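Peer 1: Structure file coords.csv (CSV, C-alpha atoms) is given on the next line.
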chain,number,residue,atom,x,y,z
B,11,MET,CA,-3.9,-66.5,19.6
B,12,THR,CA,-6.3,-67.1,22.4
B,13,ASN,CA,-6.6,-64.6,25.3
B,14,GLU,CA,-4.6,-66.9,27.5
B,15,GLU,CA,-1.8,-67.1,24.9
B,16,LEU,CA,-1.8,-63.4,24.5
B,17,LEU,CA,-1.3,-63.0,28.3
B,18,THR,CA,1.5,-65.6,28.5
B,19,ASN,CA,3.1,-64.2,25.3
B,20,ALA,CA,3.5,-60.8,27.1
B,21,ALA,CA,5.5,-62.5,29.9
B,22,LEU,CA,7.7,-64.3,27.4
B,23,LYS,CA,8.3,-61.1,25.5
B,24,SER,CA,9.2,-59.3,28.7
B,25,TRP,CA,11.7,-62.1,29.6
B,26,ASN,CA,13.3,-61.8,26.2
B,27,GLN,CA,13.5,-58.1,26.3
B,28,VAL,CA,15.3,-57.9,29.6
B,29,LEU,CA,17.6,-60.7,28.7
B,30,GLY,CA,18.4,-59.0,25.4
B,31,GLN,CA,19.2,-55.7,27.2
B,32,PHE,CA,21.4,-57.5,29.7
B,33,ASP,CA,23.2,-59.5,26.9
B,34,LYS,CA,23.8,-56.3,25.0
B,35,GLY,CA,25.5,-54.7,28.1
B,36,LEU,CA,27.5,-57.8,28.7
B,37,ALA,CA,28.8,-58.0,25.2
B,38,ALA,CA,30.1,-54.5,25.5
B,39,LEU,CA,32.3,-55.4,28.4
B,40,THR,CA,35.7,-57.1,28.0
B,41,ASP,CA,36.7,-59.9,30.4
B,42,GLU,CA,38.9,-57.3,32.1
B,43,GLN,CA,36.0,-54.9,32.5
B,44,LEU,CA,34.0,-57.6,34.2
B,45,GLN,CA,36.2,-57.0,37.2
B,46,ARG,CA,34.8,-53.5,37.6
B,47,HIS,CA,32.7,-52.7,40.6
B,48,VAL,CA,29.2,-51.3,39.9
B,49,ALA,CA,29.9,-48.6,42.5
B,50,PRO,CA,32.7,-48.2,45.0
B,51,GLY,CA,32.6,-51.0,47.5
B,52,LYS,CA,29.8,-52.8,45.7
B,53,ASN,CA,29.7,-56.0,43.7
B,54,ARG,CA,31.9,-56.7,40.7
B,55,VAL,CA,30.1,-57.2,37.4
B,56,PHE,CA,31.8,-60.7,37.4
B,57,TYR,CA,30.1,-61.6,40.7
B,58,LEU,CA,26.7,-60.4,39.4
B,59,LEU,CA,27.1,-62.4,36.2
B,60,GLY,CA,28.0,-65.5,38.3
B,61,HIS,CA,25.0,-64.8,40.7
B,62,LEU,CA,22.5,-64.4,37.8
B,63,THR,CA,23.9,-67.5,36.1
B,64,ALA,CA,23.5,-69.6,39.3
B,65,VAL,CA,20.0,-68.2,39.9
B,66,HIS,CA,18.9,-68.9,36.3
B,67,ASP,CA,20.5,-72.4,36.5
B,68,ARG,CA,18.2,-73.1,39.5
B,69,LEU,CA,15.2,-72.3,37.3
B,70,LEU,CA,15.8,-75.4,35.2
B,71,PRO,CA,14.7,-77.9,37.9
B,72,MET,CA,12.4,-75.3,39.5
B,73,LEU,CA,10.3,-75.1,36.3
B,74,PHE,CA,10.7,-78.8,35.6
B,75,ILE,CA,12.7,-78.0,32.4
B,76,GLY,CA,15.7,-80.2,33.2
B,77,GLU,CA,18.7,-80.9,35.5
B,78,ARG,CA,21.0,-78.1,36.7
B,79,LEU,CA,23.9,-77.5,34.4
B,80,HIS,CA,26.2,-75.6,36.9
B,81,PRO,CA,25.4,-76.3,40.5
B,82,GLU,CA,29.0,-75.7,41.3
B,83,LEU,CA,28.4,-71.9,41.0
B,84,ASP,CA,26.1,-71.6,44.1
B,85,GLU,CA,28.9,-71.6,46.7
B,86,ALA,CA,30.8,-68.6,45.3
B,87,PHE,CA,27.8,-66.6,43.8
B,88,ILE,CA,24.8,-67.3,45.9
B,89,THR,CA,25.8,-68.6,49.3
B,90,ASN,CA,28.7,-66.1,49.8
B,91,PRO,CA,29.0,-62.4,49.0
B,92,ASP,CA,31.5,-61.0,46.5
B,93,LYS,CA,35.2,-61.5,47.2
B,94,THR,CA,34.7,-64.1,49.9
B,95,LEU,CA,35.9,-67.0,47.7
B,96,SER,CA,38.2,-66.9,44.7
B,97,ASP,CA,36.3,-67.1,41.4
B,98,PRO,CA,35.6,-70.7,40.6
B,99,ILE,CA,35.3,-70.2,36.8
B,100,ALA,CA,37.0,-68.3,34.1
B,101,ALA,CA,35.3,-65.3,32.4
B,102,ALA,CA,34.9,-67.1,29.0
B,103,ASP,CA,33.4,-70.2,30.7
B,104,LEU,CA,31.1,-68.1,32.8
B,105,ARG,CA,29.8,-66.3,29.7
B,106,LYS,CA,29.3,-69.7,28.0
B,107,ALA,CA,27.4,-71.1,31.0
B,108,TRP,CA,25.2,-68.0,31.1
B,109,SER,CA,24.3,-68.3,27.5
B,110,GLN,CA,23.7,-72.0,27.6
B,111,ILE,CA,21.4,-71.9,30.6
B,112,ASN,CA,19.3,-69.0,29.1
B,113,SER,CA,19.0,-70.7,25.7
B,114,GLN,CA,17.6,-73.8,27.4
B,115,LEU,CA,15.3,-71.8,29.6
B,116,THR,CA,14.0,-69.6,26.7
B,117,ALA,CA,13.5,-72.6,24.4
B,118,ALA,CA,11.4,-74.3,27.1
B,119,LEU,CA,9.4,-71.2,27.9
B,120,GLN,CA,8.5,-70.8,24.2
B,121,ARG,CA,7.0,-74.2,24.3
B,122,PHE,CA,5.0,-73.6,27.5
B,123,THR,CA,1.2,-73.6,27.0
B,124,PRO,CA,-0.9,-71.3,29.2
B,125,GLN,CA,-1.6,-74.4,31.3
B,126,ASP,CA,2.1,-75.0,31.8
B,127,TRP,CA,2.6,-71.4,32.9
B,128,LEU,CA,-0.1,-72.0,35.6
B,129,ARG,CA,1.4,-75.2,36.9
B,130,LYS,CA,3.2,-75.3,40.2
B,131,HIS,CA,7.0,-74.9,40.4
B,132,SER,CA,9.1,-77.4,42.2
B,133,ALA,CA,9.7,-75.3,45.3
B,134,VAL,CA,6.1,-75.3,46.3
B,135,SER,CA,4.4,-78.4,47.8
B,136,ASP,CA,1.2,-79.9,46.3
B,137,GLU,CA,-0.7,-78.9,49.4
B,138,ASP,CA,0.5,-75.3,49.4
B,139,PHE,CA,-0.1,-75.0,45.7
B,140,ALA,CA,-3.7,-76.3,46.1
B,141,GLN,CA,-4.2,-73.5,48.7
B,142,ASP,CA,-2.5,-70.9,46.7
B,143,PRO,CA,-2.5,-71.4,42.9
B,144,THR,CA,-0.8,-68.0,42.4
B,145,ARG,CA,2.5,-69.8,43.3
B,146,ASN,CA,2.9,-70.9,39.7
B,147,ARG,CA,5.6,-70.9,37.1
B,148,LEU,CA,4.6,-67.5,35.6
B,149,ALA,CA,5.0,-65.9,39.0
B,150,VAL,CA,8.5,-67.3,39.2
B,151,VAL,CA,9.5,-66.1,35.7
B,152,LEU,CA,8.1,-62.6,36.3
B,153,SER,CA,10.1,-62.5,39.6
B,154,ARG,CA,13.3,-63.6,37.9
B,155,THR,CA,12.8,-61.1,35.0
B,156,ASN,CA,12.6,-58.3,37.6
B,157,HIS,CA,15.6,-59.6,39.4
B,158,LEU,CA,17.6,-59.6,36.1
B,159,SER,CA,16.4,-56.1,35.4
B,160,PHE,CA,17.5,-55.0,38.9
B,161,HIS,CA,21.0,-56.1,38.3
B,162,THR,CA,21.1,-54.9,34.7
B,163,GLY,CA,20.5,-51.4,36.1
B,164,GLN,CA,23.6,-51.8,38.3
B,165,ILE,CA,25.8,-53.2,35.6
B,166,VAL,CA,25.1,-50.4,33.1
B,167,LEU,CA,26.7,-48.0,35.6
B,168,THR,CA,30.2,-49.4,34.8
B,169,LYS,CA,30.0,-48.0,31.2
F,7,MET,CA,-10.2,-67.5,39.7
F,8,THR,CA,-10.3,-68.3,36.0
F,9,ASN,CA,-7.0,-69.1,34.2
F,10,GLU,CA,-7.1,-65.7,32.6
F,11,GLU,CA,-7.5,-64.1,36.0
F,12,LEU,CA,-4.6,-66.2,37.4
F,13,LEU,CA,-2.4,-65.0,34.6
F,14,THR,CA,-3.2,-61.3,35.0
F,15,ASN,CA,-3.0,-61.6,38.8
F,16,ALA,CA,0.6,-62.6,38.5
F,17,ALA,CA,1.4,-59.4,36.6
F,18,LEU,CA,-0.4,-57.3,39.2
F,19,LYS,CA,1.5,-59.1,42.0
F,20,SER,CA,4.8,-58.5,40.3
F,21,TRP,CA,3.9,-54.8,39.9
F,22,ASN,CA,3.1,-54.6,43.6
F,23,GLN,CA,6.2,-56.5,44.7
F,24,VAL,CA,8.6,-54.2,42.8
F,25,LEU,CA,6.8,-51.1,43.9
F,26,GLY,CA,6.9,-52.3,47.5
F,27,GLN,CA,10.6,-53.0,47.2
F,28,PHE,CA,11.2,-49.5,45.8
F,29,ASP,CA,9.1,-47.8,48.4
F,30,LYS,CA,10.9,-49.5,51.2
F,31,GLY,CA,14.2,-48.3,49.8
F,32,LEU,CA,12.8,-44.8,49.4
F,33,ALA,CA,11.4,-44.6,52.9
F,34,ALA,CA,14.9,-45.4,54.2
F,35,LEU,CA,16.4,-42.3,52.6
F,36,THR,CA,16.1,-38.8,54.1
F,37,ASP,CA,15.5,-35.9,51.8
F,38,GLU,CA,19.2,-35.1,52.1
F,39,GLN,CA,20.2,-38.6,51.0
F,40,LEU,CA,18.0,-38.2,47.9
F,41,GLN,CA,20.8,-35.9,46.7
F,42,ARG,CA,23.3,-38.8,46.6
F,43,HIS,CA,24.5,-40.1,43.3
F,44,VAL,CA,23.9,-43.9,42.6
F,45,ALA,CA,27.6,-44.0,41.5
F,46,PRO,CA,30.2,-41.4,40.9
F,47,GLY,CA,29.2,-39.2,38.0
F,48,LYS,CA,25.8,-41.0,37.6
F,49,ASN,CA,22.2,-39.9,38.4
F,50,ARG,CA,21.1,-38.6,41.7
F,51,VAL,CA,18.4,-40.6,43.5
F,52,PHE,CA,16.3,-37.4,43.4
F,53,TYR,CA,16.5,-37.4,39.6
F,54,LEU,CA,15.6,-41.1,39.3
F,55,LEU,CA,12.6,-40.5,41.6
F,56,GLY,CA,11.5,-37.6,39.4
F,57,HIS,CA,12.1,-39.7,36.3
F,58,LEU,CA,10.0,-42.6,37.6
F,59,THR,CA,7.3,-40.3,38.8
F,60,ALA,CA,7.0,-38.7,35.4
F,61,VAL,CA,7.1,-42.0,33.6
F,62,HIS,CA,4.4,-43.5,35.8
F,63,ASP,CA,2.3,-40.3,35.5
F,64,ARG,CA,2.3,-40.9,31.8
F,65,LEU,CA,0.8,-44.3,32.4
F,66,LEU,CA,-2.4,-42.8,33.5
F,67,PRO,CA,-3.6,-41.6,30.1
F,68,MET,CA,-1.6,-44.4,28.4
F,69,LEU,CA,-3.7,-47.0,30.1
F,70,PHE,CA,-6.9,-44.9,29.9
F,71,ILE,CA,-7.0,-44.6,33.7
F,72,GLY,CA,-7.2,-40.8,33.9
F,73,GLU,CA,-5.6,-37.4,33.1
F,74,ARG,CA,-2.0,-36.8,34.0
F,75,LEU,CA,-1.4,-35.4,37.5
F,76,HIS,CA,2.1,-34.0,37.0
F,77,PRO,CA,3.0,-33.2,33.4
F,78,GLU,CA,5.3,-30.4,34.6
F,79,LEU,CA,7.9,-33.0,35.6
F,80,ASP,CA,8.7,-34.2,32.1
F,81,GLU,CA,11.0,-31.3,31.2
F,82,ALA,CA,13.4,-31.8,34.1
F,83,PHE,CA,13.1,-35.6,34.5
F,84,ILE,CA,12.5,-37.1,31.1
F,85,THR,CA,13.5,-34.6,28.4
F,86,ASN,CA,16.7,-33.6,30.1
F,87,PRO,CA,19.5,-35.6,31.9
F,88,ASP,CA,20.2,-35.0,35.5
F,89,LYS,CA,21.6,-31.6,36.6
F,90,THR,CA,20.6,-29.8,33.4
F,91,LEU,CA,17.7,-27.9,34.9
F,92,SER,CA,17.2,-27.0,38.6
F,93,ASP,CA,14.9,-29.3,40.4
F,94,PRO,CA,11.3,-28.1,39.7
F,95,ILE,CA,9.8,-29.7,42.9
F,96,ALA,CA,10.7,-30.1,46.6
F,97,ALA,CA,11.5,-33.5,47.9
F,98,ALA,CA,8.4,-33.8,50.1
F,99,ASP,CA,6.2,-32.8,47.1
F,100,LEU,CA,7.9,-35.3,44.8
F,101,ARG,CA,7.4,-38.1,47.3
F,102,LYS,CA,3.7,-37.1,47.5
F,103,ALA,CA,3.4,-37.1,43.8
F,104,TRP,CA,5.0,-40.5,43.4
F,105,SER,CA,2.7,-42.0,46.0
F,106,GLN,CA,-0.5,-40.4,44.6
F,107,ILE,CA,0.3,-41.5,41.0
F,108,ASN,CA,1.0,-45.1,42.0
F,109,SER,CA,-2.0,-45.3,44.3
F,110,GLN,CA,-4.2,-44.3,41.4
F,111,LEU,CA,-2.5,-46.7,39.0
F,112,THR,CA,-2.6,-49.7,41.4
F,113,ALA,CA,-6.2,-49.1,42.2
F,114,ALA,CA,-7.1,-49.1,38.5
F,115,LEU,CA,-5.0,-52.2,37.7
F,116,GLN,CA,-6.7,-54.1,40.5
F,117,ARG,CA,-10.0,-53.4,38.8
F,118,PHE,CA,-8.7,-54.4,35.3
F,119,THR,CA,-10.4,-57.6,33.9
F,120,PRO,CA,-8.4,-59.9,31.7
F,121,GLN,CA,-10.1,-58.2,28.8
F,122,ASP,CA,-8.9,-54.8,30.0
F,123,TRP,CA,-5.3,-56.1,30.3
F,124,LEU,CA,-5.5,-57.1,26.6
F,125,ARG,CA,-6.9,-53.9,25.3
F,126,LYS,CA,-4.8,-51.5,23.4
F,127,HIS,CA,-2.9,-48.6,25.2
F,128,SER,CA,-3.2,-45.1,23.9
F,129,ALA,CA,0.2,-44.9,22.3
F,130,VAL,CA,-0.8,-47.4,19.6
F,131,SER,CA,-3.2,-46.7,16.8
F,132,ASP,CA,-6.3,-48.9,16.1
F,133,GLU,CA,-4.7,-50.1,12.9
F,134,ASP,CA,-1.4,-51.0,14.4
F,135,PHE,CA,-3.1,-52.8,17.3
F,136,ALA,CA,-5.3,-54.8,14.9
F,137,GLN,CA,-2.1,-56.0,13.2
F,138,ASP,CA,-0.3,-56.7,16.5
F,139,PRO,CA,-2.5,-57.4,19.5
F,140,THR,CA,0.6,-58.0,21.7
F,141,ARG,CA,0.9,-54.2,22.0
F,142,ASN,CA,-1.6,-54.3,24.9
F,143,ARG,CA,-1.8,-52.8,28.4
F,144,LEU,CA,-0.2,-55.9,30.0
F,145,ALA,CA,2.9,-55.5,27.8
F,146,VAL,CA,3.2,-51.8,29.0
F,147,VAL,CA,2.8,-52.7,32.7
F,148,LEU,CA,5.3,-55.5,32.5
F,149,SER,CA,7.7,-53.1,30.7
F,150,ARG,CA,7.3,-50.4,33.4
F,151,THR,CA,7.7,-53.0,36.2
F,152,ASN,CA,11.1,-54.0,34.7
F,153,HIS,CA,12.0,-50.3,34.3
F,154,LEU,CA,11.2,-49.7,38.0
F,155,SER,CA,13.2,-52.7,39.0
F,156,PHE,CA,16.1,-51.5,36.9
F,157,HIS,CA,16.3,-48.2,38.7
F,158,THR,CA,15.6,-49.8,42.1
F,159,GLY,CA,18.8,-51.8,41.6
F,160,GLN,CA,20.7,-48.5,41.2
F,161,ILE,CA,19.1,-46.7,44.1
F,162,VAL,CA,19.9,-49.5,46.6
F,163,LEU,CA,23.6,-48.8,45.9
F,164,THR,CA,23.4,-45.6,47.9
F,165,LYS,CA,22.7,-47.4,51.1
Spell out the structure here as structure tokens.
Peer 2:
Amino acid sequence: MTNEELLTNAALKSWNQVLGQFDKGLAALTDEQLQRHVAPGKNRVFYLLGHLTAVHDRLLPMLFIGERLHPELDEAFITNPDKTLSDPIAAADLRKAWSQINSQLTAALQRFTPQDWLRKHSAVSDEDFAQDPTRNRLAVVLSRTNHLSFHTGQIVLTK
Amino acid sequence: MTNEELLTNAALKSWNQVLGQFDKGLAALTDEQLQRHVAPGKNRVFYLLGHLTAVHDRLLPMLFIGERLHPELDEAFITNPDKTLSDPIAAADLRKAWSQINSQLTAALQRFTPQDWLRKHSAVSDEDFAQDPTRNRLAVVLSRTNHLSFHTGQIVLTK
């Protein structure tokens, strides 16, 4: 591996580790347990799973990997806080969406060359990116990995 | 910046972002509020702050940055779960230790060259590192950044 590959490999490994930790926690919860709140008066696990699914679905176009698979989740899980709208999806389907989106993301990230990791994402303009090349795809993936770890820490509290 | 520098810069930025988010949450809590549990029957914020302080203190020798500053915290905050031992440090001193350790870490990471990020950490042997060069300092810092984000997600629940 080149140095550049070793550096991007660490980011991919970190993504896979956090995703693996989350999925292990998710697999340990029944559909009924997804209705638990992470703490009294705080989000349900179901809402957090929906939120993470919608946020990761947005990564597909943001990283130029593909079209969104589940844009219909944004309204209930990003635009609005928990318990504002009724859940727009059944637990089994939400689990499936989560797994499909992450499989597609991970497969694409595995194919990224170091140059790909350093390309701009779709939420930054050519002009802004020329001024600030740190607004690249790697920065987005590291940020989403932290975001996933943040909510994983909450979800494990329901055990 | 070279490509290698752009890649390691993203990791440093991610570390700084998560640390900034944690510190903002910590600053919003009084010493009394540090005694709150993140959820019923779960860790106190005080314990998590002690735990993170001890874990980050261990990074100093692990990344060959310097000697540990607070090895006396391990017993209460790593070896044992919350409320096993009485707290070995006052809140104000714990806040100070947290801030000192992270200042030293961040200053050192800012000076790391891409080659430094790819060097071995002290918990891996020369032989093992020769076989698996992904066990480098970058991997450790990404892992600790995720760990910090994981517990930040818990601590914000006490707001």
Peer 1: Name the closest residue to Leu16 in chain B among the candidates F:Val51, F:Ala129, F:Leu124, F:Leu32; distances are taken between atoms, counting only C-alpha atoms.
Peer 2: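 Looking only at the distances to Leu16 in chain B, the closest residue turns out to be F:Leu124.
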Peer 1: Taking the point (0.6, -66.8, 43.7) as given in the file, collect each protein or nucleic acid residue that comes within 9 Å of it, counting only C-alpha atoms, and present the set as a ChimeraX atom specification.
Peer 2: /B:139,142-146,149 /F:12,15-16,19
Peer 1: What does the file look like for those residues with C-alpha atoms, as a PDB file, keeping the file's coordinate frame?
Peer 2:
ATOM      1  CA  PHE B 139      -0.100 -75.000  45.700  1.00  0.00           C
ATOM      2  CA  ASP B 142      -2.500 -70.900  46.700  1.00  0.00           C
ATOM      3  CA  PRO B 143      -2.500 -71.400  42.900  1.00  0.00           C
ATOM      4  CA  THR B 144      -0.800 -68.000  42.400  1.00  0.00           C
ATOM      5  CA  ARG B 145       2.500 -69.800  43.300  1.00  0.00           C
ATOM      6  CA  ASN B 146       2.900 -70.900  39.700  1.00  0.00           C
ATOM      7  CA  ALA B 149       5.000 -65.900  39.000  1.00  0.00           C
TER       8      ALA B 149
ATOM      9  CA  LEU F  12      -4.600 -66.200  37.400  1.00  0.00           C
ATOM     10  CA  ASN F  15      -3.000 -61.600  38.800  1.00  0.00           C
ATOM     11  CA  ALA F  16       0.600 -62.600  38.500  1.00  0.00           C
ATOM     12  CA  LYS F  19       1.500 -59.100  42.000  1.00  0.00           C
TER      13      LYS F  19
END
Peer 1: Residues of chain B within 10 Å of chain F, counting all atoms listed in the file - could you list those as an mmCIF file with C-alpha atoms, in the coordinates of the input?
Peer 2:
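Result written to result_26.cif:
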data_model
loop_
_atom_site.group_PDB
_atom_site.id
_atom_site.type_symbol
_atom_site.label_atom_id
_atom_site.label_comp_id
_atom_site.auth_asym_id
_atom_site.auth_seq_id
_atom_site.Cartn_x
_atom_site.Cartn_y
_atom_site.Cartn_z
ATOM 1 C CA MET B 11 -3.900 -66.500 19.600
ATOM 2 C CA ASN B 13 -6.600 -64.600 25.300
ATOM 3 C CA GLU B 14 -4.600 -66.900 27.500
ATOM 4 C CA GLU B 15 -1.800 -67.100 24.900
ATOM 5 C CA LEU B 16 -1.800 -63.400 24.500
ATOM 6 C CA LEU B 17 -1.300 -63.000 28.300
ATOM 7 C CA THR B 18 1.500 -65.600 28.500
ATOM 8 C CA ASN B 19 3.100 -64.200 25.300
ATOM 9 C CA ALA B 20 3.500 -60.800 27.100
ATOM 10 C CA ALA B 21 5.500 -62.500 29.900
ATOM 11 C CA LYS B 23 8.300 -61.100 25.500
ATOM 12 C CA SER B 24 9.200 -59.300 28.700
ATOM 13 C CA TRP B 25 11.700 -62.100 29.600
ATOM 14 C CA GLN B 27 13.500 -58.100 26.300
ATOM 15 C CA VAL B 28 15.300 -57.900 29.600
ATOM 16 C CA VAL B 48 29.200 -51.300 39.900
ATOM 17 C CA ALA B 49 29.900 -48.600 42.500
ATOM 18 C CA PRO B 50 32.700 -48.200 45.000
ATOM 19 C CA GLY B 51 32.600 -51.000 47.500
ATOM 20 C CA LYS B 52 29.800 -52.800 45.700
ATOM 21 C CA ASN B 53 29.700 -56.000 43.700
ATOM 22 C CA PRO B 124 -0.900 -71.300 29.200
ATOM 23 C CA GLN B 125 -1.600 -74.400 31.300
ATOM 24 C CA TRP B 127 2.600 -71.400 32.900
ATOM 25 C CA LEU B 128 -0.100 -72.000 35.600
ATOM 26 C CA PRO B 143 -2.500 -71.400 42.900
ATOM 27 C CA THR B 144 -0.800 -68.000 42.400
ATOM 28 C CA ARG B 145 2.500 -69.800 43.300
ATOM 29 C CA ASN B 146 2.900 -70.900 39.700
ATOM 30 C CA ARG B 147 5.600 -70.900 37.100
ATOM 31 C CA LEU B 148 4.600 -67.500 35.600
ATOM 32 C CA ALA B 149 5.000 -65.900 39.000
ATOM 33 C CA VAL B 150 8.500 -67.300 39.200
ATOM 34 C CA VAL B 151 9.500 -66.100 35.700
ATOM 35 C CA LEU B 152 8.100 -62.600 36.300
ATOM 36 C CA SER B 153 10.100 -62.500 39.600
ATOM 37 C CA THR B 155 12.800 -61.100 35.000
ATOM 38 C CA ASN B 156 12.600 -58.300 37.600
ATOM 39 C CA HIS B 157 15.600 -59.600 39.400
ATOM 40 C CA LEU B 158 17.600 -59.600 36.100
ATOM 41 C CA SER B 159 16.400 -56.100 35.400
ATOM 42 C CA PHE B 160 17.500 -55.000 38.900
ATOM 43 C CA HIS B 161 21.000 -56.100 38.300
ATOM 44 C CA THR B 162 21.100 -54.900 34.700
ATOM 45 C CA GLY B 163 20.500 -51.400 36.100
ATOM 46 C CA GLN B 164 23.600 -51.800 38.300
ATOM 47 C CA ILE B 165 25.800 -53.200 35.600
ATOM 48 C CA VAL B 166 25.100 -50.400 33.100
ATOM 49 C CA LEU B 167 26.700 -48.000 35.600
ATOM 50 C CA THR B 168 30.200 -49.400 34.800
#
Peer 1: Quote the spacing between CA of Gly56 in chain F and CA of Asp88 in chain F in Å to one decimal place.
Peer 2: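 Calculated distance between CA of Gly56 in chain F and CA of Asp88 in chain F is 9.9 Å.
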Peer 1: Work out how far apart CA of Ser132 in chain B and CA of Ala118 in chain B are and give it in Å to one decimal.
Peer 2: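 Taking CA of Ser132 in chain B as the start and CA of Ala118 in chain B as the end point, the length is 15.6 Å.
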Peer 1: Could you rebuild range 133-147 of chain F with N, CA, C and O atoms and give it back as a CSV table (one decimal), keeping the file's coordinate frame?
Peer 2:
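Final file, out.csv:
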chain,number,residue,atom,x,y,z
F,133,GLU,N,-5.2,-49.2,14.0
F,133,GLU,CA,-4.7,-50.1,12.9
F,133,GLU,C,-3.5,-50.9,13.3
F,133,GLU,O,-3.5,-52.1,13.0
F,134,ASP,N,-2.6,-50.3,14.0
F,134,ASP,CA,-1.4,-51.0,14.4
F,134,ASP,C,-1.8,-52.1,15.4
F,134,ASP,O,-1.2,-53.2,15.4
F,135,PHE,N,-2.7,-51.8,16.2
F,135,PHE,CA,-3.1,-52.8,17.3
F,135,PHE,C,-3.8,-54.0,16.6
F,135,PHE,O,-3.7,-55.1,17.0
F,136,ALA,N,-4.6,-53.7,15.6
F,136,ALA,CA,-5.3,-54.8,14.9
F,136,ALA,C,-4.3,-55.7,14.3
F,136,ALA,O,-4.5,-57.0,14.2
F,137,GLN,N,-3.2,-55.2,13.8
F,137,GLN,CA,-2.1,-56.0,13.2
F,137,GLN,C,-1.3,-56.7,14.3
F,137,GLN,O,-0.7,-57.8,14.0
F,138,ASP,N,-1.1,-56.1,15.4
F,138,ASP,CA,-0.3,-56.7,16.5
F,138,ASP,C,-0.9,-56.5,17.9
F,138,ASP,O,-0.6,-55.5,18.6
F,139,PRO,N,-1.8,-57.5,18.2
F,139,PRO,CA,-2.5,-57.4,19.5
F,139,PRO,C,-1.6,-57.6,20.7
F,139,PRO,O,-2.1,-57.5,21.9
F,140,THR,N,-0.3,-57.9,20.5
F,140,THR,CA,0.6,-58.0,21.7
F,140,THR,C,1.0,-56.6,22.2
F,140,THR,O,1.6,-56.5,23.3
F,141,ARG,N,0.6,-55.5,21.5
F,141,ARG,CA,0.9,-54.2,22.0
F,141,ARG,C,-0.3,-53.7,22.9
F,141,ARG,O,-1.0,-52.7,22.7
F,142,ASN,N,-0.5,-54.5,24.0
F,142,ASN,CA,-1.6,-54.3,24.9
F,142,ASN,C,-1.1,-53.7,26.2
F,142,ASN,O,0.1,-53.4,26.4
F,143,ARG,N,-2.1,-53.5,27.1
F,143,ARG,CA,-1.8,-52.8,28.4
F,143,ARG,C,-0.9,-53.7,29.3
F,143,ARG,O,-0.1,-53.1,30.0
F,144,LEU,N,-1.1,-55.0,29.2
F,144,LEU,CA,-0.2,-55.9,30.0
F,144,LEU,C,1.2,-55.7,29.6
F,144,LEU,O,2.1,-55.6,30.5
F,145,ALA,N,1.5,-55.6,28.3
F,145,ALA,CA,2.9,-55.5,27.8
F,145,ALA,C,3.5,-54.2,28.4
F,145,ALA,O,4.7,-54.1,28.8
F,146,VAL,N,2.7,-53.1,28.5
F,146,VAL,CA,3.2,-51.8,29.0
F,146,VAL,C,3.5,-51.9,30.5
F,146,VAL,O,4.5,-51.5,31.0
F,147,VAL,N,2.6,-52.6,31.2
F,147,VAL,CA,2.8,-52.7,32.7
F,147,VAL,C,4.0,-53.6,33.0
F,147,VAL,O,4.8,-53.2,33.9
